[in-house]
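Chemist: Input structure: data-v8.tsv, which contains TSV, C-alpha atoms.
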chain	number	residue	atom	x	y	z
A	1	MET	CA	11.26	33.73	1.57
A	2	LYS	CA	7.52	33.19	1.76
A	3	LEU	CA	6.14	30.31	3.79
A	4	SER	CA	2.51	29.23	4.11
A	5	ILE	CA	2.18	27.00	7.15
A	6	TYR	CA	-0.76	24.94	8.40
A	7	ARG	CA	-1.76	26.14	11.85
A	8	TYR	CA	-4.12	24.28	14.13
A	9	ASN	CA	-4.42	24.12	17.85
A	10	PRO	CA	-7.36	21.79	18.61
A	11	GLU	CA	-7.78	23.32	22.08
A	12	GLN	CA	-8.32	26.86	20.72
A	13	ASP	CA	-9.12	26.79	17.02
A	14	ALA	CA	-12.45	25.77	15.56
A	15	ARG	CA	-10.74	24.84	12.29
A	16	PRO	CA	-7.24	24.74	10.79
A	17	ARG	CA	-5.94	27.77	8.87
A	18	MET	CA	-2.90	28.59	6.72
A	19	GLN	CA	-0.62	31.30	8.11
A	20	GLU	CA	1.73	33.28	5.89
A	21	TYR	CA	5.30	33.99	6.97
A	22	ASP	CA	7.95	36.06	5.26
A	23	ILE	CA	11.33	35.00	6.62
A	24	ALA	CA	14.66	36.21	5.29
A	25	PRO	CA	17.15	33.35	5.15
A	26	GLU	CA	20.60	34.02	6.61
A	27	HIS	CA	23.68	33.32	4.57
A	28	SER	CA	24.33	30.02	6.34
A	29	ASP	CA	20.77	28.66	5.85
A	30	ARG	CA	20.74	25.73	3.48
A	31	MET	CA	17.76	23.58	4.39
A	32	LEU	CA	14.06	24.19	4.94
A	33	LEU	CA	14.44	23.35	8.64
A	34	ASP	CA	16.83	26.32	9.08
A	35	LEU	CA	14.05	28.60	7.85
A	36	LEU	CA	11.42	26.88	10.02
A	37	ILE	CA	13.57	27.48	13.09
A	38	ARG	CA	13.78	31.17	12.12
A	39	ALA	CA	9.99	31.23	11.75
A	40	LYS	CA	9.71	29.76	15.24
A	41	VAL	CA	11.95	32.54	16.60
A	42	ALA	CA	9.62	35.09	15.02
A	43	ASP	CA	6.45	33.31	16.20
A	44	ASP	CA	7.01	30.98	19.12
A	45	SER	CA	3.46	29.58	18.93
A	46	LEU	CA	4.46	27.65	15.78
A	47	SER	CA	4.98	23.96	16.59
A	48	PHE	CA	6.92	21.28	14.73
A	49	ARG	CA	9.15	18.36	15.63
A	50	ARG	CA	12.86	18.23	14.88
A	51	SER	CA	15.84	16.66	16.52
A	52	CYS	CA	18.97	15.58	14.67
A	53	ARG	CA	18.54	18.12	11.82
A	54	GLU	CA	20.46	15.84	9.43
A	55	GLY	CA	17.97	13.27	8.12
A	56	VAL	CA	18.68	10.53	10.62
A	57	CYS	CA	16.00	10.80	13.32
A	58	GLY	CA	12.98	11.24	11.05
A	59	SER	CA	11.25	13.74	13.36
A	60	ASP	CA	10.58	16.57	10.92
A	61	ALA	CA	8.62	14.67	8.29
A	62	MET	CA	5.97	16.94	6.79
A	63	ASN	CA	4.17	17.70	3.57
A	64	ILE	CA	6.30	20.21	1.64
A	65	ASN	CA	4.65	21.75	-1.43
A	66	GLY	CA	2.42	18.69	-1.73
A	67	ARG	CA	5.14	16.08	-1.25
A	68	ASN	CA	6.15	14.38	1.98
A	69	GLY	CA	9.76	14.90	2.99
A	70	LEU	CA	12.14	15.78	5.79
A	71	ALA	CA	12.51	19.53	6.28
A	72	CYS	CA	16.12	19.10	7.43
A	73	ILE	CA	17.33	17.58	4.15
A	74	THR	CA	15.12	19.59	1.79
A	75	PRO	CA	17.35	22.30	0.23
A	76	LEU	CA	15.94	25.83	0.20
A	77	ALA	CA	17.31	26.29	-3.28
A	78	GLY	CA	14.73	25.14	-5.80
A	79	LEU	CA	11.71	25.33	-3.48
A	80	LYS	CA	8.73	27.00	-5.14
A	81	GLU	CA	7.35	29.97	-3.19
A	82	PRO	CA	5.29	30.25	-1.16
A	83	VAL	CA	6.52	27.02	0.40
A	84	VAL	CA	3.33	25.32	1.58
A	85	LEU	CA	3.91	23.24	4.71
A	86	ARG	CA	1.26	20.88	6.04
A	87	PRO	CA	1.34	18.00	8.53
A	88	LEU	CA	1.70	14.44	7.17
A	89	PRO	CA	-1.55	13.68	5.30
A	90	GLY	CA	-3.83	11.10	6.87
A	91	PHE	CA	-2.40	11.44	10.38
A	92	PRO	CA	-4.35	13.01	13.25
A	93	VAL	CA	-2.97	16.48	14.01
A	94	VAL	CA	-1.79	17.14	17.56
A	95	ARG	CA	-0.85	20.73	16.79
A	96	ASP	CA	0.36	22.62	13.70
A	97	LEU	CA	2.87	20.33	11.95
A	98	ILE	CA	2.96	17.76	14.76
A	99	VAL	CA	0.97	14.58	14.11
A	100	ASP	CA	-0.09	11.70	16.33
A	101	MET	CA	2.08	8.69	15.41
A	102	THR	CA	0.52	6.26	17.93
A	103	GLN	CA	-1.19	4.09	15.34
A	104	PHE	CA	1.82	4.16	13.03
A	105	PHE	CA	4.04	2.77	15.80
A	106	ALA	CA	1.37	0.26	16.86
A	107	HIS	CA	1.57	-1.17	13.32
A	108	TYR	CA	5.35	-1.18	13.57
A	109	HIS	CA	5.23	-3.14	16.83
A	110	SER	CA	2.68	-5.58	15.40
A	111	VAL	CA	5.23	-6.95	12.91
A	112	LYS	CA	7.62	-7.87	15.76
A	113	PRO	CA	10.53	-5.70	14.62
A	114	TYR	CA	13.17	-7.78	16.36
A	115	LEU	CA	14.94	-11.10	15.78
A	116	VAL	CA	13.00	-14.16	16.93
A	117	ASN	CA	15.35	-17.06	17.46
A	118	ASP	CA	14.88	-19.56	20.30
A	119	GLU	CA	17.92	-21.65	19.45
A	120	PRO	CA	20.61	-21.54	22.15
A	121	PRO	CA	22.85	-18.58	21.41
A	122	PRO	CA	26.33	-19.42	20.13
A	123	GLU	CA	29.40	-18.50	22.13
A	124	ARG	CA	29.78	-15.29	20.17
A	125	GLU	CA	27.36	-13.53	17.78
A	126	ARG	CA	25.07	-15.27	15.29
A	127	LEU	CA	27.07	-15.09	12.08
A	128	GLN	CA	25.87	-14.20	8.59
A	129	SER	CA	27.60	-14.63	5.26
A	130	PRO	CA	28.23	-11.40	3.33
A	131	GLN	CA	25.44	-12.45	0.94
A	132	GLU	CA	22.99	-12.97	3.79
A	133	ARG	CA	23.94	-9.61	5.21
A	134	ALA	CA	23.49	-7.98	1.81
A	135	GLU	CA	19.84	-9.09	1.85
A	136	LEU	CA	19.21	-6.48	4.53
A	137	ASP	CA	20.54	-3.57	2.52
A	138	GLY	CA	17.77	-1.18	1.57
A	139	LEU	CA	15.71	-2.39	4.53
A	140	TYR	CA	17.58	-1.66	7.75
A	141	GLU	CA	18.16	2.00	6.82
A	142	CYS	CA	14.52	2.95	7.44
A	143	ILE	CA	14.26	5.75	10.03
A	144	LEU	CA	10.46	5.43	10.56
A	145	CYS	CA	9.76	9.04	9.58
A	146	ALA	CA	6.36	7.98	8.11
A	147	CYS	CA	6.81	9.96	4.88
A	148	CYS	CA	5.81	6.79	2.99
A	149	SER	CA	2.77	5.79	5.05
A	150	GLY	CA	1.62	9.42	5.04
A	151	PHE	CA	1.66	9.40	1.24
A	152	CYS	CA	-0.06	6.03	0.79
A	153	PRO	CA	-3.75	6.16	-0.25
A	154	PRO	CA	-4.58	2.67	1.12
A	155	TYR	CA	-3.08	3.80	4.44
A	156	TRP	CA	-5.30	6.90	4.36
A	157	TRP	CA	-8.34	4.67	3.68
A	158	ASN	CA	-7.65	1.98	6.31
A	159	PRO	CA	-5.09	3.36	8.77
A	160	ASP	CA	-6.41	1.18	11.59
A	161	LYS	CA	-6.04	-2.14	9.74
A	162	TYR	CA	-3.49	-1.78	6.93
A	163	ILE	CA	0.07	-1.96	8.29
A	164	GLY	CA	1.30	0.52	5.70
A	165	PRO	CA	4.55	0.69	3.72
A	166	ALA	CA	6.84	1.57	6.64
A	167	GLY	CA	5.61	-1.32	8.80
A	168	LEU	CA	5.74	-3.74	5.87
A	169	LEU	CA	9.29	-2.71	4.96
A	170	GLN	CA	10.24	-3.44	8.57
A	171	ALA	CA	8.35	-6.74	8.44
A	172	TYR	CA	10.34	-7.79	5.39
A	173	ARG	CA	13.58	-6.69	7.04
A	174	PHE	CA	13.07	-9.53	9.55
A	175	ILE	CA	11.61	-12.00	7.07
A	176	ALA	CA	14.77	-11.55	4.99
A	177	ASP	CA	17.10	-11.96	7.98
A	178	SER	CA	18.92	-15.31	7.88
A	179	ARG	CA	19.17	-15.34	11.68
A	180	ASP	CA	15.42	-15.11	12.23
A	181	ARG	CA	13.48	-18.35	12.86
A	182	ALA	CA	9.91	-17.03	12.79
A	183	THR	CA	9.56	-16.49	9.03
A	184	HIS	CA	6.54	-18.76	8.78
A	185	GLU	CA	4.73	-17.07	11.67
A	186	ARG	CA	5.56	-13.65	10.26
A	187	LEU	CA	4.16	-14.61	6.84
A	188	ALA	CA	1.05	-16.17	8.41
A	189	PHE	CA	0.43	-12.92	10.31
A	190	LEU	CA	0.69	-10.87	7.12
A	191	ASP	CA	-1.56	-13.19	5.05
A	192	ASP	CA	-4.59	-11.02	5.67
A	193	VAL	CA	-6.88	-9.03	3.44
A	194	TYR	CA	-6.08	-5.86	5.42
A	195	ARG	CA	-2.59	-6.08	6.91
A	196	LEU	CA	-0.71	-6.67	3.65
A	197	TYR	CA	-3.15	-6.94	0.79
A	198	ARG	CA	-4.56	-3.40	0.98
A	199	CYS	CA	-1.47	-2.40	-1.00
A	200	ARG	CA	-2.63	-1.37	-4.49
A	201	THR	CA	0.95	-0.98	-5.81
A	202	ILE	CA	0.56	2.79	-6.19
A	203	MET	CA	4.27	3.08	-5.24
A	204	ASN	CA	3.94	6.55	-3.70
A	205	CYS	CA	5.99	5.12	-0.81
A	206	THR	CA	9.04	4.43	-2.97
A	207	GLU	CA	8.57	7.71	-4.82
A	208	VAL	CA	8.64	9.77	-1.64
A	209	CYS	CA	11.07	7.95	0.70
A	210	PRO	CA	13.71	10.49	1.81
A	211	LYS	CA	16.20	7.66	2.37
A	212	HIS	CA	15.63	6.31	-1.17
A	213	LEU	CA	14.36	2.94	0.04
A	214	SER	CA	11.66	0.94	-1.72
A	215	PRO	CA	8.82	-0.22	0.52
A	216	SER	CA	6.89	-1.30	-2.58
A	217	ARG	CA	9.67	-3.72	-3.53
A	218	ALA	CA	9.65	-5.09	0.03
A	219	ILE	CA	5.87	-5.59	-0.21
A	220	GLU	CA	6.30	-7.35	-3.56
A	221	ARG	CA	8.91	-9.67	-2.00
A	222	ILE	CA	6.60	-10.47	0.91
A	223	ARG	CA	3.86	-11.41	-1.56
A	224	ALA	CA	6.30	-13.58	-3.51
A	225	LYS	CA	7.45	-15.28	-0.28
A	226	LEU	CA	3.84	-15.91	0.73
A	227	LEU	CA	3.11	-17.41	-2.68
A	228	LYS	CA	6.17	-19.67	-2.45
A	229	ASP	CA	5.29	-20.58	1.12
A	230	GLY	CA	1.74	-21.44	0.04
A	231	ILE	CA	2.71	-23.80	-2.79
B	1	MET	CA	-15.17	-14.79	4.24
B	2	ARG	CA	-11.97	-16.75	4.98
B	3	LEU	CA	-12.40	-18.53	1.66
B	4	LEU	CA	-11.05	-15.69	-0.47
B	5	THR	CA	-8.82	-13.49	1.65
B	6	GLY	CA	-5.21	-12.45	1.64
B	7	LEU	CA	-2.91	-14.53	-0.50
B	8	ARG	CA	-5.69	-16.67	-1.99
B	9	ALA	CA	-7.69	-13.72	-3.28
B	10	TRP	CA	-4.53	-12.11	-4.64
B	11	THR	CA	-3.57	-15.34	-6.46
B	12	VAL	CA	-7.09	-15.83	-7.83
B	13	GLN	CA	-7.13	-12.27	-9.14
B	14	ARG	CA	-3.83	-12.68	-10.97
B	15	ALA	CA	-4.42	-16.23	-12.22
B	16	SER	CA	-7.89	-15.30	-13.54
B	17	ALA	CA	-6.43	-12.24	-15.27
B	18	LEU	CA	-3.84	-14.41	-17.01
B	19	PHE	CA	-6.45	-16.97	-18.09
B	20	MET	CA	-8.78	-14.26	-19.41
B	21	LEU	CA	-5.94	-12.63	-21.31
B	22	GLY	CA	-5.04	-15.96	-22.95
B	23	PHE	CA	-8.68	-16.75	-23.71
B	24	LEU	CA	-9.41	-13.35	-25.23
B	25	LEU	CA	-6.28	-13.51	-27.38
B	26	TRP	CA	-7.36	-16.96	-28.60
B	27	LEU	CA	-10.94	-15.78	-29.23
B	28	GLY	CA	-9.67	-12.69	-31.04
B	29	ALA	CA	-7.45	-14.86	-33.25
B	30	VAL	CA	-10.36	-17.20	-34.04
B	31	LEU	CA	-12.66	-14.29	-34.92
B	32	LEU	CA	-9.94	-12.77	-37.07
B	33	VAL	CA	-8.82	-15.93	-38.90
B	34	SER	CA	-12.06	-17.89	-39.36
B	35	PRO	CA	-15.05	-16.02	-37.98
B	36	PRO	CA	-18.23	-18.11	-37.63
B	37	ALA	CA	-20.45	-17.38	-40.64
B	38	GLY	CA	-23.66	-17.11	-38.66
B	39	TYR	CA	-25.54	-17.95	-35.51
B	40	ALA	CA	-25.64	-21.69	-36.24
B	41	GLU	CA	-21.87	-21.91	-36.72
B	42	TRP	CA	-21.25	-19.77	-33.67
B	43	ARG	CA	-23.52	-22.06	-31.63
B	44	ALA	CA	-21.78	-25.14	-32.93
B	45	MET	CA	-18.43	-23.70	-31.90
B	46	VAL	CA	-19.57	-23.00	-28.34
B	47	ALA	CA	-21.31	-26.39	-28.13
B	48	ARG	CA	-18.04	-28.26	-28.71
B	49	PRO	CA	-16.95	-29.68	-25.31
B	50	ALA	CA	-13.46	-28.07	-25.24
B	51	THR	CA	-14.69	-24.66	-26.42
B	52	GLY	CA	-17.71	-24.81	-24.14
B	53	ALA	CA	-15.44	-25.59	-21.16
B	54	ALA	CA	-13.14	-22.69	-22.11
B	55	PHE	CA	-16.14	-20.33	-22.30
B	56	GLY	CA	-17.42	-21.62	-18.95
B	57	LEU	CA	-13.99	-21.18	-17.38
B	58	PHE	CA	-13.73	-17.69	-18.85
B	59	PHE	CA	-16.94	-16.58	-17.17
B	60	ALA	CA	-15.94	-18.27	-13.91
B	61	ALA	CA	-12.61	-16.41	-14.03
B	62	LEU	CA	-14.41	-13.18	-14.91
B	63	LEU	CA	-16.77	-13.51	-11.94
B	64	ALA	CA	-13.96	-14.42	-9.49
B	65	HIS	CA	-11.83	-11.56	-10.79
B	66	ALA	CA	-14.72	-9.11	-10.53
B	67	TRP	CA	-15.55	-10.27	-7.01
B	68	VAL	CA	-12.01	-9.74	-5.70
B	69	GLY	CA	-11.73	-6.38	-7.46
B	70	MET	CA	-15.13	-5.07	-6.35
B	71	ARG	CA	-14.58	-6.35	-2.82
B	72	ASP	CA	-11.27	-4.43	-2.71
B	73	VAL	CA	-13.02	-1.26	-3.85
B	74	VAL	CA	-15.68	-1.69	-1.15
B	75	LEU	CA	-13.08	-2.42	1.58
B	76	ASP	CA	-11.12	0.67	0.54
B	77	TYR	CA	-13.96	3.16	0.28
B	78	VAL	CA	-16.99	1.97	2.27
B	79	HIS	CA	-16.24	2.02	5.99
B	80	HIS	CA	-19.61	2.06	7.72
B	81	PRO	CA	-20.21	-1.60	8.73
B	82	ARG	CA	-23.84	-1.76	7.55
B	83	MET	CA	-23.17	0.13	4.32
B	84	ARG	CA	-20.23	-2.16	3.68
B	85	ALA	CA	-22.28	-5.31	4.27
B	86	ALA	CA	-24.99	-3.96	1.96
B	87	ALA	CA	-22.48	-3.03	-0.75
B	88	LEU	CA	-20.79	-6.44	-0.57
B	89	ALA	CA	-24.19	-8.19	-0.66
B	90	LEU	CA	-25.22	-6.13	-3.68
B	91	VAL	CA	-22.00	-7.01	-5.54
B	92	ALA	CA	-22.34	-10.69	-4.61
B	93	LEU	CA	-25.98	-10.74	-5.72
B	94	ALA	CA	-25.22	-9.06	-9.05
B	95	LEU	CA	-22.31	-11.40	-9.78
B	96	LEU	CA	-24.38	-14.42	-8.73
B	97	GLY	CA	-27.16	-13.28	-11.07
B	98	ILE	CA	-24.74	-12.97	-13.97
B	99	GLY	CA	-23.27	-16.38	-13.07
B	100	VAL	CA	-26.67	-18.10	-13.08
B	101	TRP	CA	-27.61	-16.40	-16.37
B	102	VAL	CA	-24.36	-17.49	-18.06
B	103	ALA	CA	-24.64	-21.03	-16.66
B	104	LEU	CA	-28.22	-21.34	-17.97
B	105	ALA	CA	-27.23	-19.97	-21.38
B	106	LEU	CA	-24.25	-22.32	-21.71
B	107	ALA	CA	-26.32	-25.30	-20.50
B	108	ALA	CA	-29.04	-24.49	-23.02
B	109	LEU	CA	-26.47	-24.34	-25.82
B	110	GLY	CA	-24.94	-27.63	-24.75
B	111	ALA	CA	-28.35	-29.36	-24.48
B	112	ARG	CA	-29.46	-28.55	-28.03
What does this structure look like when you write it as structure tokens?

Modeler:
Amino acid sequence: MKLSIYRYNPEQDARPRMQEYDIAPEHSDRMLLDLLIRAKVADDSLSFRRSCREGVCGSDAMNINGRNGLACITPLAGLKEPVVLRPLPGFPVVRDLIVDMTQFFAHYHSVKPYLVNDEPPPERERLQSPQERAELDGLYECILCACCSGFCPPYWWNPDKYIGPAGLLQAYRFIADSRDRATHERLAFLDDVYRLYRCRTIMNCTEVCPKHLSPSRAIERIRAKLLKDGI
Amino acid sequence: MRLLTGLRAWTVQRASALFMLGFLLWLGAVLLVSPPAGYAEWRAMVARPATGAAFGLFFAALLAHAWVGMRDVVLDYVHHPRMRAAALALVALALLGIGVWVALALAALGAR
């Protein structure tokens, strides 16, 4: 199977280049990551991240034939050849398919992705009704692979100021949590021309999410909450 | 700058869009059902207080809507601080010019 992979080592190369590989898949190979690992055996200078190899850790997010996705859950069957692999668009490249996620995680931390509740803790856990718990479905499953933010034009334009779909989905996960007491502060933080309102509702994030979540719906809900909070 | 940022700008953009849609539908219906026969009738229509206010509000909504939209375009695409300031100033100046022109025209119509 033919692969065309983005190669760039900033310490040696003047500019990035595409390198062609022809790797024969073994009978047991099902996913793109299997083939990438074979490519790495053939050429150990090729660099990419991977860990759980089953779509849970979010390490092997990359641009596959023009679409962001996880190599480990992208079936080989149906992939158009040559399979063009590039690093996540808009992210600084560390080497080959490995990108620098520092800013992405800084945005994630800025939304305080943890429960804020200063009330004295009850004897056992803070309880939720099944309905309250259901509010978190479609939010808590995010694995922070950055497929969405790496496919979001406003995030490409203002990566330093716009929180991006992944961070905003996480922000809404805690705004929607019945146990959280900092909703107002969270909304006040997001009421900013850059942090939230750079979203142009392009919806690439929802289109491309490998976990089938909808950051654009979360963003819409944050806007609705802000509007309600403001009236 | 804090005047029209975040939620407020977003609300202004959507509210102005709704108002303009309603106004243009109404204007279209008027022009379709009983179009003014000439300049004098047209002027008389705009000179009526309610219609004049609606026209004034339409242009105010148009300018606010255009400002938020153009500002978004500049924030998205123009990143050099000085270029951005210049672009925003240019947009503001152009919109202000249009605003003054419309205000003068409407005032002149109302005065006659």

Chemist: If I take CA of Lys228 in chain A and CA of Leu7 in chain B, how far is one from the other in Å, to one decimal?

Modeler: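 Separation of CA of Lys228 in chain A and CA of Leu7 in chain B: 10.6 Å.
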
Chemist: So that each row is one residue of chain A with an atom at most 12 Å from chain B, can you give its shortest atom pair and the distance in Å to one decimal, using all atoms listed in the file, rows by chain and rising number, as a tab-separated table?

Modeler:
residue	atom	partner	partner_atom	distance
A:Pro153	CA	B:Asp76	CA	9.2
A:Pro154	CA	B:Asp76	CA	6.9
A:Tyr155	CA	B:Asp76	CA	9.5
A:Trp156	CA	B:Asp76	CA	9.3
A:Trp157	CA	B:Asp76	CA	5.8
A:Asn158	CA	B:Asp76	CA	6.9
A:Pro159	CA	B:Asp76	CA	10.6
A:Asp160	CA	B:His79	CA	11.3
A:Lys161	CA	B:Leu75	CA	10.8
A:Tyr162	CA	B:Asp76	CA	10.2
A:Leu187	CA	B:Leu7	CA	10.2
A:Ala188	CA	B:Leu7	CA	9.9
A:Phe189	CA	B:Gly6	CA	10.4
A:Leu190	CA	B:Gly6	CA	8.2
A:Asp191	CA	B:Gly6	CA	5.0
A:Asp192	CA	B:Gly6	CA	4.3
A:Val193	CA	B:Gly6	CA	4.2
A:Tyr194	CA	B:Gly6	CA	7.6
A:Arg195	CA	B:Gly6	CA	8.7
A:Leu196	CA	B:Gly6	CA	7.6
A:Tyr197	CA	B:Gly6	CA	5.9
A:Arg198	CA	B:Asp72	CA	7.7
A:Cys199	CA	B:Asp72	CA	10.2
A:Arg200	CA	B:Asp72	CA	9.3
A:Glu220	CA	B:Trp10	CA	11.9
A:Ile222	CA	B:Leu7	CA	10.4
A:Arg223	CA	B:Leu7	CA	7.5
A:Ala224	CA	B:Leu7	CA	9.7
A:Lys225	CA	B:Leu7	CA	10.4
A:Leu226	CA	B:Leu7	CA	7.0
A:Leu227	CA	B:Leu7	CA	7.0
A:Lys228	CA	B:Leu7	CA	10.6
A:Asp229	CA	B:Leu7	CA	10.3
A:Gly230	CA	B:Leu7	CA	8.3
A:Ile231	CA	B:Arg8	CA	11.0

Chemist: Mind writing the picked residues with C-alpha atoms as a PDB file, keeping the file's coordinate frame?

Modeler:
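Final file, again_17.pdb:
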ATOM      1  CA  PRO A 153      -3.750   6.160  -0.250  1.00  0.00           C
ATOM      2  CA  PRO A 154      -4.580   2.670   1.120  1.00  0.00           C
ATOM      3  CA  TYR A 155      -3.080   3.800   4.440  1.00  0.00           C
ATOM      4  CA  TRP A 156      -5.300   6.900   4.360  1.00  0.00           C
ATOM      5  CA  TRP A 157      -8.340   4.670   3.680  1.00  0.00           C
ATOM      6  CA  ASN A 158      -7.650   1.980   6.310  1.00  0.00           C
ATOM      7  CA  PRO A 159      -5.090   3.360   8.770  1.00  0.00           C
ATOM      8  CA  ASP A 160      -6.410   1.180  11.590  1.00  0.00           C
ATOM      9  CA  LYS A 161      -6.040  -2.140   9.740  1.00  0.00           C
ATOM     10  CA  TYR A 162      -3.490  -1.780   6.930  1.00  0.00           C
ATOM     11  CA  LEU A 187       4.160 -14.610   6.840  1.00  0.00           C
ATOM     12  CA  ALA A 188       1.050 -16.170   8.410  1.00  0.00           C
ATOM     13  CA  PHE A 189       0.430 -12.920  10.310  1.00  0.00           C
ATOM     14  CA  LEU A 190       0.690 -10.870   7.120  1.00  0.00           C
ATOM     15  CA  ASP A 191      -1.560 -13.190   5.050  1.00  0.00           C
ATOM     16  CA  ASP A 192      -4.590 -11.020   5.670  1.00  0.00           C
ATOM     17  CA  VAL A 193      -6.880  -9.030   3.440  1.00  0.00           C
ATOM     18  CA  TYR A 194      -6.080  -5.860   5.420  1.00  0.00           C
ATOM     19  CA  ARG A 195      -2.590  -6.080   6.910  1.00  0.00           C
ATOM     20  CA  LEU A 196      -0.710  -6.670   3.650  1.00  0.00           C
ATOM     21  CA  TYR A 197      -3.150  -6.940   0.790  1.00  0.00           C
ATOM     22  CA  ARG A 198      -4.560  -3.400   0.980  1.00  0.00           C
ATOM     23  CA  CYS A 199      -1.470  -2.400  -1.000  1.00  0.00           C
ATOM     24  CA  ARG A 200      -2.630  -1.370  -4.490  1.00  0.00           C
ATOM     25  CA  GLU A 220       6.300  -7.350  -3.560  1.00  0.00           C
ATOM     26  CA  ILE A 222       6.600 -10.470   0.910  1.00  0.00           C
ATOM     27  CA  ARG A 223       3.860 -11.410  -1.560  1.00  0.00           C
ATOM     28  CA  ALA A 224       6.300 -13.580  -3.510  1.00  0.00           C
ATOM     29  CA  LYS A 225       7.450 -15.280  -0.280  1.00  0.00           C
ATOM     30  CA  LEU A 226       3.840 -15.910   0.730  1.00  0.00           C
ATOM     31  CA  LEU A 227       3.110 -17.410  -2.680  1.00  0.00           C
ATOM     32  CA  LYS A 228       6.170 -19.670  -2.450  1.00  0.00           C
ATOM     33  CA  ASP A 229       5.290 -20.580   1.120  1.00  0.00           C
ATOM     34  CA  GLY A 230       1.740 -21.440   0.040  1.00  0.00           C
ATOM     35  CA  ILE A 231       2.710 -23.800  -2.790  1.00  0.00           C
TER      36      ILE A 231
END

Chemist: Could you please determine the separation between CA of Arg217 in chain A and CA of Gln170 in chain A in Å, to one decimal place?

Modeler: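 CA of Arg217 in chain A sits 12.1 Å away from CA of Gln170 in chain A.
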
Chemist: Pick from B:Thr51, B:Pro81, B:Leu18, B:Leu109: nearest to Val30 in chain B, with only C-alpha atoms counted?

Modeler: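 The shortest atom-to-atom distance to Val30 in chain B comes from B:Thr51.
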
Chemist: Go ahead and fit an axis-aligned box to every listed atom of range 116-129 of chain A plus 8 Å each side, and pass me the centre and edge lengths in Å, one decimal, as lines of an AutoDock Vina configuration file.

Modeler:
center_x = 21.4
center_y = -17.6
center_z = 13.7
size_x = 32.8
size_y = 24.1
size_z = 32.9

Chemist: Counting only C-alpha atoms, figure out which residue out of A:Val56, A:Ala171, A:Leu88, A:Leu79 gets nearest to Ser149 in chain A.

Modeler: A:Leu88

Chemist: Select, from A:Met62, A:Ala42, A:Ala182, A:Ala134, the residue with the minimum atom-to-atom distance to Pro87 in chain A, counting only C-alpha atoms.

Modeler: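 Smallest separation from Pro87 in chain A among the options: A:Met62.
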
Chemist: Select, from B:Ala37, B:Gly99, B:Leu27, B:Ala85, the residue with the minimum atom-to-atom distance to Ala54 in chain B, counting all atoms listed in the file.

Modeler: B:Leu27

Chemist: Could you give me, as a VMD selection string, the residues that have an atom at most 12 Å away from the point (-24.0, -16.5, -15.2) in the coordinates of the file, using only C-alpha atoms?

Modeler: chain B and resid 55 to 64 93 to 107

Chemist: Interatomic distance between CA of Ala71 in chain A and CA of Leu46 in chain A?

Modeler: 14.9 Å

Chemist: Which residues, written as an mmCIF file with C-alpha atoms, in the frame of the given file, have at least one atom at most 12 Å from Leu76 in chain A, with only C-alpha atoms counted and residues fewer than 2 positions away on the same chain left out?

Modeler:
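The resulting file, selection33.cif, is shown below:
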data_model
loop_
_atom_site.group_PDB
_atom_site.id
_atom_site.type_symbol
_atom_site.label_atom_id
_atom_site.label_comp_id
_atom_site.auth_asym_id
_atom_site.auth_seq_id
_atom_site.Cartn_x
_atom_site.Cartn_y
_atom_site.Cartn_z
ATOM 1 C CA MET A 1 11.260 33.730 1.570
ATOM 2 C CA LYS A 2 7.520 33.190 1.760
ATOM 3 C CA LEU A 3 6.140 30.310 3.790
ATOM 4 C CA ALA A 24 14.660 36.210 5.290
ATOM 5 C CA PRO A 25 17.150 33.350 5.150
ATOM 6 C CA GLU A 26 20.600 34.020 6.610
ATOM 7 C CA HIS A 27 23.680 33.320 4.570
ATOM 8 C CA SER A 28 24.330 30.020 6.340
ATOM 9 C CA ASP A 29 20.770 28.660 5.850
ATOM 10 C CA ARG A 30 20.740 25.730 3.480
ATOM 11 C CA MET A 31 17.760 23.580 4.390
ATOM 12 C CA LEU A 32 14.060 24.190 4.940
ATOM 13 C CA LEU A 33 14.440 23.350 8.640
ATOM 14 C CA ASP A 34 16.830 26.320 9.080
ATOM 15 C CA LEU A 35 14.050 28.600 7.850
ATOM 16 C CA LEU A 36 11.420 26.880 10.020
ATOM 17 C CA ILE A 64 6.300 20.210 1.640
ATOM 18 C CA ALA A 71 12.510 19.530 6.280
ATOM 19 C CA CYS A 72 16.120 19.100 7.430
ATOM 20 C CA ILE A 73 17.330 17.580 4.150
ATOM 21 C CA THR A 74 15.120 19.590 1.790
ATOM 22 C CA GLY A 78 14.730 25.140 -5.800
ATOM 23 C CA LEU A 79 11.710 25.330 -3.480
ATOM 24 C CA LYS A 80 8.730 27.000 -5.140
ATOM 25 C CA GLU A 81 7.350 29.970 -3.190
ATOM 26 C CA PRO A 82 5.290 30.250 -1.160
ATOM 27 C CA VAL A 83 6.520 27.020 0.400
#

Chemist: Got a sec to write range 12-26 of chain A of the block to a file, C-alpha atoms, as a CSV table (one decimal), in the first residue's frame?

Modeler:
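Saved the output as selection.csv:
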chain,number,residue,atom,x,y,z
A,12,GLN,CA,18.3,19.1,9.9
A,13,ASP,CA,15.9,20.0,7.2
A,14,ALA,CA,15.6,23.4,5.6
A,15,ARG,CA,12.0,22.7,4.6
A,16,PRO,CA,9.4,19.9,5.0
A,17,ARG,CA,9.1,17.2,2.2
A,18,MET,CA,6.7,14.4,1.4
A,19,GLN,CA,8.3,10.9,1.5
A,20,GLU,CA,6.8,8.0,-0.4
A,21,TYR,CA,6.5,4.5,1.2
A,22,ASP,CA,5.3,1.3,-0.2
A,23,ILE,CA,4.4,-1.0,2.6
A,24,ALA,CA,2.7,-4.4,2.2
A,25,PRO,CA,0.0,-4.9,4.9
A,26,GLU,CA,0.1,-8.2,6.7
